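Peer 1: Below: one structure in structure tokens.
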Amino acid sequence: MKDKIDPILTLQAVNIRFGGIHALKNIHFNVKRNSITALIGPNGAGKTTLFNCITGFYRAKGKLLFHLPEKTFSLPKVLGEPFHLSHFIHPIDFFACLYYKMFGGSHLVTQAGIARTFQTIRLFREMTVIENLLVAQYHTANKNLLAGLFNLKGFQRWEKSAIDAAFLWLEKFDLLHEANRLAGELSYRQQRYLEIARSMCLLPKLLCLDEPAAGLNKQETEGLQILLQTLRKEYNLTILLIEHDMSLVMKVSDHIIVLDQGSVISEGSPKEVREDKKVISAYLGEKENEEKKENE
Amino acid sequence: MKRFDRIHILKDALFTTLIVAILLGPFFSFILKGFSVEFTGYRLTSLVLCVFVGRLVFSLLLKNQKVQHLLQKINRSLYQKTKVVQTKSHRRSLIIIAIIALLIPFMISKYWLSVAIIALIYVLLGLGLNIVVGLAGLLDLGYVAFYAIGAYGVALSAHYLHLGFWSALPFAALLSALFGAILSFPVLRMHGDYLAIVTLGFGEIIRLILTNWASFTGGPNGIEVPDLTLFGLEFSRVAKQHGVPFHEFFGLPYDTSYRYFFIYFVLLVVVTLMLRFVNRLKQMPLGRAWEALREDEIACRSLGINPVVTKLAAFTLGAMIGGIGGVFFATFEEFINPASFTFLESALILSIVVLGGMGSSLGVVLAAILLTLLPELFRQFSEYRMLFFGSVMVLMMIWRPQGLIRMSRQWIAPKVGHER
């Protein structure tokens, strides 16, 4: 199956529980490389929970594999999974597990190439726009303390390239004039864009957007749609997005996964999903009239 | 002014006077004399008159255009937003400050020189804690622990390893950095208040160990600290460390102030270096990561920043600077005991950071100097010192929560070759 569709992300039997609540039940799906995949579902379906599992903020049970051309990452391992019996037989595995338990975490998932944005905007509001983008390039930074303190050549080279890259992204997202304003002062659309620009600074392979169009008006949503498509084309990016704006989802996505009450109830192309009876009853409502209204 | 306004002001003044007369009148006018109560009318009338005229003048002033402008200006400066400033060359003001700092010891008495030295030590401590609290946003209430480790580092290394001041300085700095890393590693997953409580505990643990491990540290009796030397020249009357006394070498009469001068200048150099160090840090990826961590830790994790390691770096560097402060404190005092490293000291350093402005180096320097000079200037009111500190803190939190000098952001221009 893997050979057929070339997935960038594979989820197999992913489960997560919060106390008595079984938030995600046995999730299976693949995200195709270089596609725009939308994750939809009614409120409380577990979309954001699933996102948090994929980006390493929650530790889920099951298999989450992130396929890069050169390597395959197992996300639970990077997050510091509990010890298995097999770890005690292989000393290298044991120490790797111990290492990830101490220093592992979601930052390793990001460094592997999964970037995300948040449902509520999480910018560094008291820092300038350009500084926000510089923080995002931390993992490529010249971290030699002495080089930075004495402003050596190597550090200057990094600084120049980082600032250049940051300005390039600002230009792409039409924020060039706001470069030295505080991020908290920007308009809502600009803050949304800045958050996407900030995660693009990480040069991810998979970009997870959590409701990027929330709070945007119709024109701005159209702008966002064009932006997402150009990003995918130019940077060979895979985009996974949660969205409630059906017009955006239907236009932009190649593949839609529908979640309801913690399990996948349907997946396929926009057309297939639109016509799926289960989806209509779970998500768009029981009556046919309402369904039409939603789709328009 | 309109007629309505005038009537309103008059009404307001009358009403205020009435309230004051009702509330304070009995206290002012009835005086207990022996077993009888005496009514003194003139006190009541003077009180009423004062309040009435005062209120009238106050309201009239508030109505004045110029006064209103002034108030608005003050208000604006109080609630100003964070500024983004282009880095200018402050060379001229820096040179002036440097000249003043170099000339000060020659103009003041020995007593005030010792106050200046203590002020510089607090500048150092403030800069160190500013990294932890101001930049990384980790509330550390046990910072005095690292100060103590620095001080005891120099004393114990002289006692057991026979190190002189100059070799003990880096040793003690590294020691406190190491302790900073060890102590903070287990607690860095905590946030806010919990972190503050745990660090408070660590501060006390260090002090209690120093007090109770008497066989190693000398316990409450304290321990002697070696004096510092200048290329082997000592500053005591007779040589104690197999060197030559400074005054003998230069053929000068003995004077204890040579030692003060020397400590002052060495400290000045160290403080300058640390200021530069902290200012560079703010423009480095590490410093930006600290600030980002202070703003939003979850966003930081989503950007590939390891919060644990980054916080660890903040604690370690902060502890190192605190340790250096401790080394100078110990050397200056020549004798230390655990009583110098109580929680009150932590609170003082923290109030330096808060008063100065979180993250602002200039503010911290200013606050450190103020908070060491003012208690000396008002020695006769020393009983009310804590009351004063407390009320200043409360007032600051109400009117200027960002501190004396608000941290400004650096303006970053596109590098040449990429402007549009």
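Within each chain, counting starts at residue 1; across the structure tokens, chains are named A, B, ... in the order shown, with ligands numbered 1 upward in that order.
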Quick one: DSSP strand (DSSP E) residues in segment 172-405 of chain B, as a list in words?

Peer 2: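 The strand (DSSP E) residues within segment 172-405 of chain B come out as Ile223, Glu224, Leu233, Glu234, Val244, Pro245, Phe335 and Ile336 of chain B.
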
Peer 1: Please return, as a ChimeraX atom specification, all residues of chain B lying within 9 Å of chain A when only C-alpha atoms are considered.

Peer 2: /B:82-84,276-278,280-281,283-286,288-289,291-296,298-309,409-415,418-420

Peer 1: Please return as a PDB file with N, CA, C and O atoms, in the first residue's frame: the residues of segment 21-100 of chain A that backbone DSSP assigns to helix (DSSP H, G or I).

Peer 2:
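Result saved to states-v2.pdb:
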```pdb
ATOM      1  N   LYS A  47     -10.134  16.605  16.168  1.00  0.00           N
ATOM      2  CA  LYS A  47      -9.219  17.048  15.107  1.00  0.00           C
ATOM      3  C   LYS A  47      -7.950  17.651  15.703  1.00  0.00           C
ATOM      4  O   LYS A  47      -6.828  17.274  15.331  1.00  0.00           O
ATOM      5  N   THR A  48      -8.136  18.568  16.635  1.00  0.00           N
ATOM      6  CA  THR A  48      -6.962  19.217  17.216  1.00  0.00           C
ATOM      7  C   THR A  48      -6.153  18.234  18.057  1.00  0.00           C
ATOM      8  O   THR A  48      -4.930  18.288  18.081  1.00  0.00           O
ATOM      9  N   THR A  49      -6.842  17.309  18.690  1.00  0.00           N
ATOM     10  CA  THR A  49      -6.135  16.272  19.443  1.00  0.00           C
ATOM     11  C   THR A  49      -5.243  15.464  18.519  1.00  0.00           C
ATOM     12  O   THR A  49      -4.086  15.182  18.836  1.00  0.00           O
ATOM     13  N   LEU A  50      -5.797  15.132  17.369  1.00  0.00           N
ATOM     14  CA  LEU A  50      -5.019  14.373  16.389  1.00  0.00           C
ATOM     15  C   LEU A  50      -3.806  15.190  15.933  1.00  0.00           C
ATOM     16  O   LEU A  50      -2.697  14.664  15.797  1.00  0.00           O
ATOM     17  N   PHE A  51      -4.025  16.480  15.734  1.00  0.00           N
ATOM     18  CA  PHE A  51      -2.925  17.369  15.352  1.00  0.00           C
ATOM     19  C   PHE A  51      -1.841  17.372  16.416  1.00  0.00           C
ATOM     20  O   PHE A  51      -0.652  17.310  16.116  1.00  0.00           O
ATOM     21  N   ASN A  52      -2.274  17.454  17.653  1.00  0.00           N
ATOM     22  CA  ASN A  52      -1.302  17.474  18.744  1.00  0.00           C
ATOM     23  C   ASN A  52      -0.526  16.171  18.810  1.00  0.00           C
ATOM     24  O   ASN A  52       0.633  16.164  19.200  1.00  0.00           O
ATOM     25  N   CYS A  53      -1.160  15.064  18.414  1.00  0.00           N
ATOM     26  CA  CYS A  53      -0.444  13.789  18.379  1.00  0.00           C
ATOM     27  C   CYS A  53       0.589  13.798  17.256  1.00  0.00           C
ATOM     28  O   CYS A  53       1.723  13.358  17.430  1.00  0.00           O
ATOM     29  N   ILE A  54       0.178  14.327  16.105  1.00  0.00           N
ATOM     30  CA  ILE A  54       1.075  14.309  14.946  1.00  0.00           C
ATOM     31  C   ILE A  54       2.276  15.214  15.185  1.00  0.00           C
ATOM     32  O   ILE A  54       3.397  14.903  14.816  1.00  0.00           O
ATOM     33  N   LEU A  75       7.416   8.704  15.451  1.00  0.00           N
ATOM     34  CA  LEU A  75       7.199   9.828  16.354  1.00  0.00           C
ATOM     35  C   LEU A  75       7.152   9.442  17.832  1.00  0.00           C
ATOM     36  O   LEU A  75       7.750  10.121  18.654  1.00  0.00           O
ATOM     37  N   PRO A  76       6.469   8.336  18.215  1.00  0.00           N
ATOM     38  CA  PRO A  76       6.459   7.989  19.637  1.00  0.00           C
ATOM     39  C   PRO A  76       7.862   7.770  20.201  1.00  0.00           C
ATOM     40  O   PRO A  76       8.128   8.092  21.353  1.00  0.00           O
ATOM     41  N   LYS A  77       8.759   7.279  19.356  1.00  0.00           N
ATOM     42  CA  LYS A  77      10.113   7.012  19.837  1.00  0.00           C
ATOM     43  C   LYS A  77      10.815   8.329  20.193  1.00  0.00           C
ATOM     44  O   LYS A  77      11.458   8.446  21.241  1.00  0.00           O
ATOM     45  N   VAL A  78      10.674   9.313  19.320  1.00  0.00           N
ATOM     46  CA  VAL A  78      11.331  10.600  19.541  1.00  0.00           C
ATOM     47  C   VAL A  78      10.784  11.302  20.780  1.00  0.00           C
ATOM     48  O   VAL A  78      11.470  12.065  21.440  1.00  0.00           O
ATOM     49  N   LEU A  85      10.273  -4.570  26.549  1.00  0.00           N
ATOM     50  CA  LEU A  85      11.190  -5.667  26.857  1.00  0.00           C
ATOM     51  C   LEU A  85      12.364  -5.679  25.894  1.00  0.00           C
ATOM     52  O   LEU A  85      13.506  -5.909  26.282  1.00  0.00           O
ATOM     53  N   SER A  86      12.078  -5.379  24.622  1.00  0.00           N
ATOM     54  CA  SER A  86      13.139  -5.459  23.607  1.00  0.00           C
ATOM     55  C   SER A  86      14.258  -4.463  23.882  1.00  0.00           C
ATOM     56  O   SER A  86      15.408  -4.689  23.503  1.00  0.00           O
ATOM     57  N   HIS A  87      13.938  -3.367  24.575  1.00  0.00           N
ATOM     58  CA  HIS A  87      14.974  -2.389  24.871  1.00  0.00           C
ATOM     59  C   HIS A  87      16.052  -2.962  25.767  1.00  0.00           C
ATOM     60  O   HIS A  87      17.211  -2.564  25.706  1.00  0.00           O
ATOM     61  N   PHE A  88      15.653  -3.910  26.624  1.00  0.00           N
ATOM     62  CA  PHE A  88      16.629  -4.445  27.566  1.00  0.00           C
ATOM     63  C   PHE A  88      17.547  -5.459  26.908  1.00  0.00           C
ATOM     64  O   PHE A  88      18.583  -5.807  27.448  1.00  0.00           O
ATOM     65  N   ILE A  89      17.157  -5.905  25.727  1.00  0.00           N
ATOM     66  CA  ILE A  89      18.018  -6.856  24.998  1.00  0.00           C
ATOM     67  C   ILE A  89      19.031  -6.094  24.157  1.00  0.00           C
ATOM     68  O   ILE A  89      20.190  -6.450  24.085  1.00  0.00           O
ATOM     69  N   PRO A  91      21.194  -2.963  23.904  1.00  0.00           N
ATOM     70  CA  PRO A  91      21.672  -1.820  24.699  1.00  0.00           C
ATOM     71  C   PRO A  91      21.573  -0.491  23.955  1.00  0.00           C
ATOM     72  O   PRO A  91      21.272   0.542  24.559  1.00  0.00           O
ATOM     73  N   ILE A  92      21.803  -0.489  22.631  1.00  0.00           N
ATOM     74  CA  ILE A  92      21.750   0.774  21.881  1.00  0.00           C
ATOM     75  C   ILE A  92      20.343   1.340  21.915  1.00  0.00           C
ATOM     76  O   ILE A  92      20.129   2.523  22.179  1.00  0.00           O
ATOM     77  N   ASP A  93      19.361   0.448  21.698  1.00  0.00           N
ATOM     78  CA  ASP A  93      17.969   0.881  21.769  1.00  0.00           C
ATOM     79  C   ASP A  93      17.655   1.427  23.150  1.00  0.00           C
ATOM     80  O   ASP A  93      16.952   2.420  23.286  1.00  0.00           O
ATOM     81  N   PHE A  94      18.203   0.770  24.159  1.00  0.00           N
ATOM     82  CA  PHE A  94      17.937   1.170  25.533  1.00  0.00           C
ATOM     83  C   PHE A  94      18.417   2.593  25.786  1.00  0.00           C
ATOM     84  O   PHE A  94      17.681   3.439  26.302  1.00  0.00           O
ATOM     85  N   PHE A  95      19.656   2.858  25.361  1.00  0.00           N
ATOM     86  CA  PHE A  95      20.196   4.200  25.611  1.00  0.00           C
ATOM     87  C   PHE A  95      19.500   5.246  24.741  1.00  0.00           C
ATOM     88  O   PHE A  95      19.305   6.375  25.181  1.00  0.00           O
ATOM     89  N   ALA A  96      19.131   4.851  23.526  1.00  0.00           N
ATOM     90  CA  ALA A  96      18.386   5.784  22.675  1.00  0.00           C
ATOM     91  C   ALA A  96      17.085   6.151  23.360  1.00  0.00           C
ATOM     92  O   ALA A  96      16.703   7.324  23.434  1.00  0.00           O
ATOM     93  N   CYS A  97      16.424   5.149  23.909  1.00  0.00           N
ATOM     94  CA  CYS A  97      15.145   5.382  24.589  1.00  0.00           C
ATOM     95  C   CYS A  97      15.353   6.288  25.795  1.00  0.00           C
ATOM     96  O   CYS A  97      14.590   7.228  26.023  1.00  0.00           O
ATOM     97  N   LEU A  98      16.426   6.015  26.544  1.00  0.00           N
ATOM     98  CA  LEU A  98      16.722   6.822  27.731  1.00  0.00           C
ATOM     99  C   LEU A  98      17.017   8.264  27.331  1.00  0.00           C
ATOM    100  O   LEU A  98      16.538   9.211  27.948  1.00  0.00           O
ATOM    101  N   TYR A  99      17.784   8.411  26.241  1.00  0.00           N
ATOM    102  CA  TYR A  99      18.135   9.749  25.765  1.00  0.00           C
ATOM    103  C   TYR A  99      16.877  10.523  25.396  1.00  0.00           C
ATOM    104  O   TYR A  99      16.685  11.669  25.801  1.00  0.00           O
ATOM    105  N   TYR A 100      15.996   9.856  24.629  1.00  0.00           N
ATOM    106  CA  TYR A 100      14.786  10.554  24.196  1.00  0.00           C
ATOM    107  C   TYR A 100      13.879  10.851  25.373  1.00  0.00           C
ATOM    108  O   TYR A 100      13.129  11.821  25.377  1.00  0.00           O
TER     109      TYR A 100
END
```

Peer 1: Here is a test: counting only C-alpha atoms, which residue of A:Ile40, A:Leu64, A:Ala282, A:Leu207 is nearest to Asn236 of chain A?

Peer 2: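 Of A:Ile40, A:Leu64, A:Ala282, A:Leu207, the one nearest Asn236 of chain A, counting only C-alpha atoms, is A:Leu207.
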
Peer 1: Quick one: residues within 12 Å of segment 60-66 of chain B, only C-alpha atoms, excluding same-chain residues fewer than 2 positions away - as number ranges by chain?

Peer 2: B: 1-2, 5-10, 12-13, 53-58, 68-73

Peer 1: Would you mind exporting the chosen residues as a compact mmCIF listing (two decimals), in the first residue's frame, restricted to N, CA, C and O atoms?

Peer 2:
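The resulting file, again-v7.txt, is shown below:
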```txt
# COMPACT_ATOMS: atom_id res chain seq x y z
N MET B 1 -13.66 79.75 31.52
CA MET B 1 -14.34 78.63 32.17
C MET B 1 -15.83 78.91 32.24
O MET B 1 -16.26 80.01 32.50
N LYS B 2 -16.61 77.90 32.03
CA LYS B 2 -18.06 78.09 32.05
C LYS B 2 -18.57 78.24 33.48
O LYS B 2 -17.93 77.81 34.43
N ASP B 5 -19.15 74.91 35.18
CA ASP B 5 -17.91 74.32 35.69
C ASP B 5 -17.58 74.87 37.06
O ASP B 5 -17.23 74.14 37.98
N ARG B 6 -17.73 76.21 37.17
CA ARG B 6 -17.38 76.86 38.44
C ARG B 6 -18.27 76.33 39.57
O ARG B 6 -17.78 75.97 40.63
N ILE B 7 -19.55 76.24 39.27
CA ILE B 7 -20.48 75.75 40.29
C ILE B 7 -20.13 74.31 40.66
O ILE B 7 -20.10 73.92 41.83
N HIS B 8 -19.80 73.54 39.64
CA HIS B 8 -19.47 72.14 39.86
C HIS B 8 -18.25 72.01 40.78
O HIS B 8 -18.24 71.21 41.72
N ILE B 9 -17.25 72.84 40.50
CA ILE B 9 -16.03 72.79 41.31
C ILE B 9 -16.33 73.17 42.75
O ILE B 9 -15.89 72.52 43.70
N LEU B 10 -17.14 74.20 42.90
CA LEU B 10 -17.50 74.67 44.24
C LEU B 10 -18.25 73.58 45.01
O LEU B 10 -17.96 73.28 46.17
N ASP B 12 -18.17 70.41 44.47
CA ASP B 12 -17.24 69.30 44.73
C ASP B 12 -16.40 69.59 45.97
O ASP B 12 -16.24 68.74 46.85
N ALA B 13 -15.91 70.84 46.05
CA ALA B 13 -15.07 71.22 47.18
C ALA B 13 -15.87 71.16 48.48
O ALA B 13 -15.40 70.64 49.50
N VAL B 53 -9.98 74.88 50.65
CA VAL B 53 -9.12 75.64 49.75
C VAL B 53 -8.27 74.70 48.91
O VAL B 53 -8.14 74.88 47.68
N GLY B 54 -7.75 73.67 49.56
CA GLY B 54 -6.90 72.71 48.84
C GLY B 54 -7.65 72.06 47.70
O GLY B 54 -7.17 72.00 46.57
N ARG B 55 -8.85 71.61 47.99
CA ARG B 55 -9.64 70.93 46.96
C ARG B 55 -9.96 71.88 45.80
O ARG B 55 -9.90 71.53 44.64
N LEU B 56 -10.26 73.13 46.19
CA LEU B 56 -10.60 74.13 45.18
C LEU B 56 -9.41 74.37 44.25
O LEU B 56 -9.53 74.33 43.01
N VAL B 57 -8.25 74.58 44.87
CA VAL B 57 -7.04 74.83 44.07
C VAL B 57 -6.73 73.63 43.19
O VAL B 57 -6.42 73.76 41.99
N PHE B 58 -6.88 72.45 43.76
CA PHE B 58 -6.58 71.21 43.01
C PHE B 58 -7.47 71.09 41.78
O PHE B 58 -6.99 70.84 40.67
N GLN B 68 -3.12 70.05 32.29
CA GLN B 68 -3.68 68.87 31.65
C GLN B 68 -2.70 68.26 30.64
O GLN B 68 -2.50 67.05 30.59
N HIS B 69 -2.07 69.16 29.89
CA HIS B 69 -1.07 68.69 28.92
C HIS B 69 0.04 67.92 29.61
O HIS B 69 0.43 66.84 29.17
N LEU B 70 0.50 68.54 30.72
CA LEU B 70 1.60 67.92 31.46
C LEU B 70 1.20 66.53 31.95
O LEU B 70 1.94 65.55 31.81
N LEU B 71 -0.03 66.44 32.50
CA LEU B 71 -0.50 65.16 33.02
C LEU B 71 -0.58 64.12 31.92
O LEU B 71 -0.19 62.96 32.10
N GLN B 72 -1.08 64.57 30.77
CA GLN B 72 -1.17 63.62 29.65
C GLN B 72 0.19 63.10 29.25
O GLN B 72 0.37 61.92 28.98
N LYS B 73 1.15 64.04 29.27
CA LYS B 73 2.50 63.65 28.90
C LYS B 73 3.03 62.58 29.85
O LYS B 73 3.57 61.56 29.44
```

Peer 1: Pick out the residues sitting within 9 Å of Tyr235 of chain A, and hand them over as a short mmCIF file (atom, residue, chain, number, x, y, z; two decimals) with N, CA and C atoms, in the first residue's frame; count only C-alpha atoms, and ignore anything fewer than 6 positions along from it in its own chain.

Peer 2:
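Saved as around.cif:
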```cif
data_model
loop_
_atom_site.label_atom_id
_atom_site.label_comp_id
_atom_site.auth_asym_id
_atom_site.auth_seq_id
_atom_site.Cartn_x
_atom_site.Cartn_y
_atom_site.Cartn_z
N LEU A 203 11.39 25.46 7.12
CA LEU A 203 11.48 24.67 5.90
C LEU A 203 10.96 23.25 6.12
N PRO A 204 9.69 23.15 6.52
CA PRO A 204 9.15 21.83 6.85
C PRO A 204 8.82 21.02 5.60
N LYS A 205 8.64 19.74 5.81
CA LYS A 205 8.16 18.88 4.73
C LYS A 205 6.65 18.73 4.83
#
```

Peer 1: I'd like the contact shell of Pro245 of chain B - 12 Å cut-off, only C-alpha atoms, skipping same-chain residues fewer than 6 positions apart - returned as number ranges by chain.

Peer 2: B: 227-239, 251-256, 258-259

Peer 1: Any chance you can output those residues with C-alpha atoms as a PDB file, in the first residue's frame?

Peer 2:
```pdb
ATOM      1  CA  ASP B 227      42.775  38.806  49.515  1.00  0.00           C
ATOM      2  CA  LEU B 228      43.228  39.551  45.850  1.00  0.00           C
ATOM      3  CA  THR B 229      46.628  40.318  44.386  1.00  0.00           C
ATOM      4  CA  LEU B 230      48.000  42.352  41.500  1.00  0.00           C
ATOM      5  CA  PHE B 231      50.690  40.305  39.776  1.00  0.00           C
ATOM      6  CA  GLY B 232      51.682  38.865  43.122  1.00  0.00           C
ATOM      7  CA  LEU B 233      51.542  42.194  44.956  1.00  0.00           C
ATOM      8  CA  GLU B 234      49.424  42.039  48.083  1.00  0.00           C
ATOM      9  CA  PHE B 235      47.318  44.776  49.593  1.00  0.00           C
ATOM     10  CA  SER B 236      47.781  43.932  53.262  1.00  0.00           C
ATOM     11  CA  ARG B 237      50.302  45.634  55.537  1.00  0.00           C
ATOM     12  CA  VAL B 238      52.506  42.549  55.678  1.00  0.00           C
ATOM     13  CA  ALA B 239      52.622  39.818  53.061  1.00  0.00           C
ATOM     14  CA  GLY B 251      57.724  52.693  48.204  1.00  0.00           C
ATOM     15  CA  LEU B 252      54.424  54.265  49.281  1.00  0.00           C
ATOM     16  CA  PRO B 253      53.110  54.679  52.823  1.00  0.00           C
ATOM     17  CA  TYR B 254      50.619  51.979  53.779  1.00  0.00           C
ATOM     18  CA  ASP B 255      47.009  52.850  53.106  1.00  0.00           C
ATOM     19  CA  THR B 256      44.043  50.484  53.160  1.00  0.00           C
ATOM     20  CA  TYR B 258      44.710  50.976  47.721  1.00  0.00           C
ATOM     21  CA  ARG B 259      42.885  47.724  48.160  1.00  0.00           C
TER      22      ARG B 259
END
```

Peer 1: List the neighbours of Tyr122 of chain B out to 12 Å using only C-alpha atoms; skip same-chain residues closer than 5 positions along the sequence, and give me the result as a count of residues only.

Peer 2: 37

Peer 1: For the atom pair atom CA of Ala145 of chain B and atom CA of Phe165 of chain B, what is the interatomic distance in Å to one decimal place?

Peer 2: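 Calculated distance between atom CA of Ala145 of chain B and atom CA of Phe165 of chain B is 20.5 Å.
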
Peer 1: What is the atom CA of Pro401 of chain B-atom CA of Ser340 of chain B distance in Å, reported with one decimal?

Peer 2: 29.4 Å

Peer 1: Can you tell me which residues surround Pro220 of chain B at a distance of at most 10 Å, considering only C-alpha atoms, apart from same-chain residues fewer than 3 positions away, and format the answer as a list of chain:residue names?

Peer 2: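 Residues meeting the cut-off are B:Leu208, B:Leu210, B:Thr211, B:Asn212, B:Trp213, B:Ala214, B:Thr217, B:Ile223, B:Ile336, B:Asn337, B:Pro338, B:Ala339.
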
Peer 1: Write the selection just made, keeping C-alpha atoms, as a short mmCIF file (atom, residue, chain, number, x, y, z; two decimals), in the first residue's frame?

Peer 2:
```
data_model
loop_
_atom_site.label_atom_id
_atom_site.label_comp_id
_atom_site.auth_asym_id
_atom_site.auth_seq_id
_atom_site.Cartn_x
_atom_site.Cartn_y
_atom_site.Cartn_z
CA LEU B 208 21.50 25.27 55.51
CA LEU B 210 26.73 25.80 54.50
CA THR B 211 25.56 26.36 58.08
CA ASN B 212 25.42 22.76 59.18
CA TRP B 213 28.35 21.15 57.42
CA ALA B 214 30.64 22.82 59.89
CA THR B 217 32.62 25.01 55.52
CA ILE B 223 35.52 31.20 56.83
CA ILE B 336 32.02 35.22 54.95
CA ASN B 337 29.44 33.24 56.85
CA PRO B 338 26.07 31.81 55.82
CA ALA B 339 24.20 34.71 57.44
#
```

Peer 1: What separation in Å, quoted to one decimal, exists between atom CA of Ile100 of chain B and atom CA of Ala347 of chain B?

Peer 2: 29.6 Å
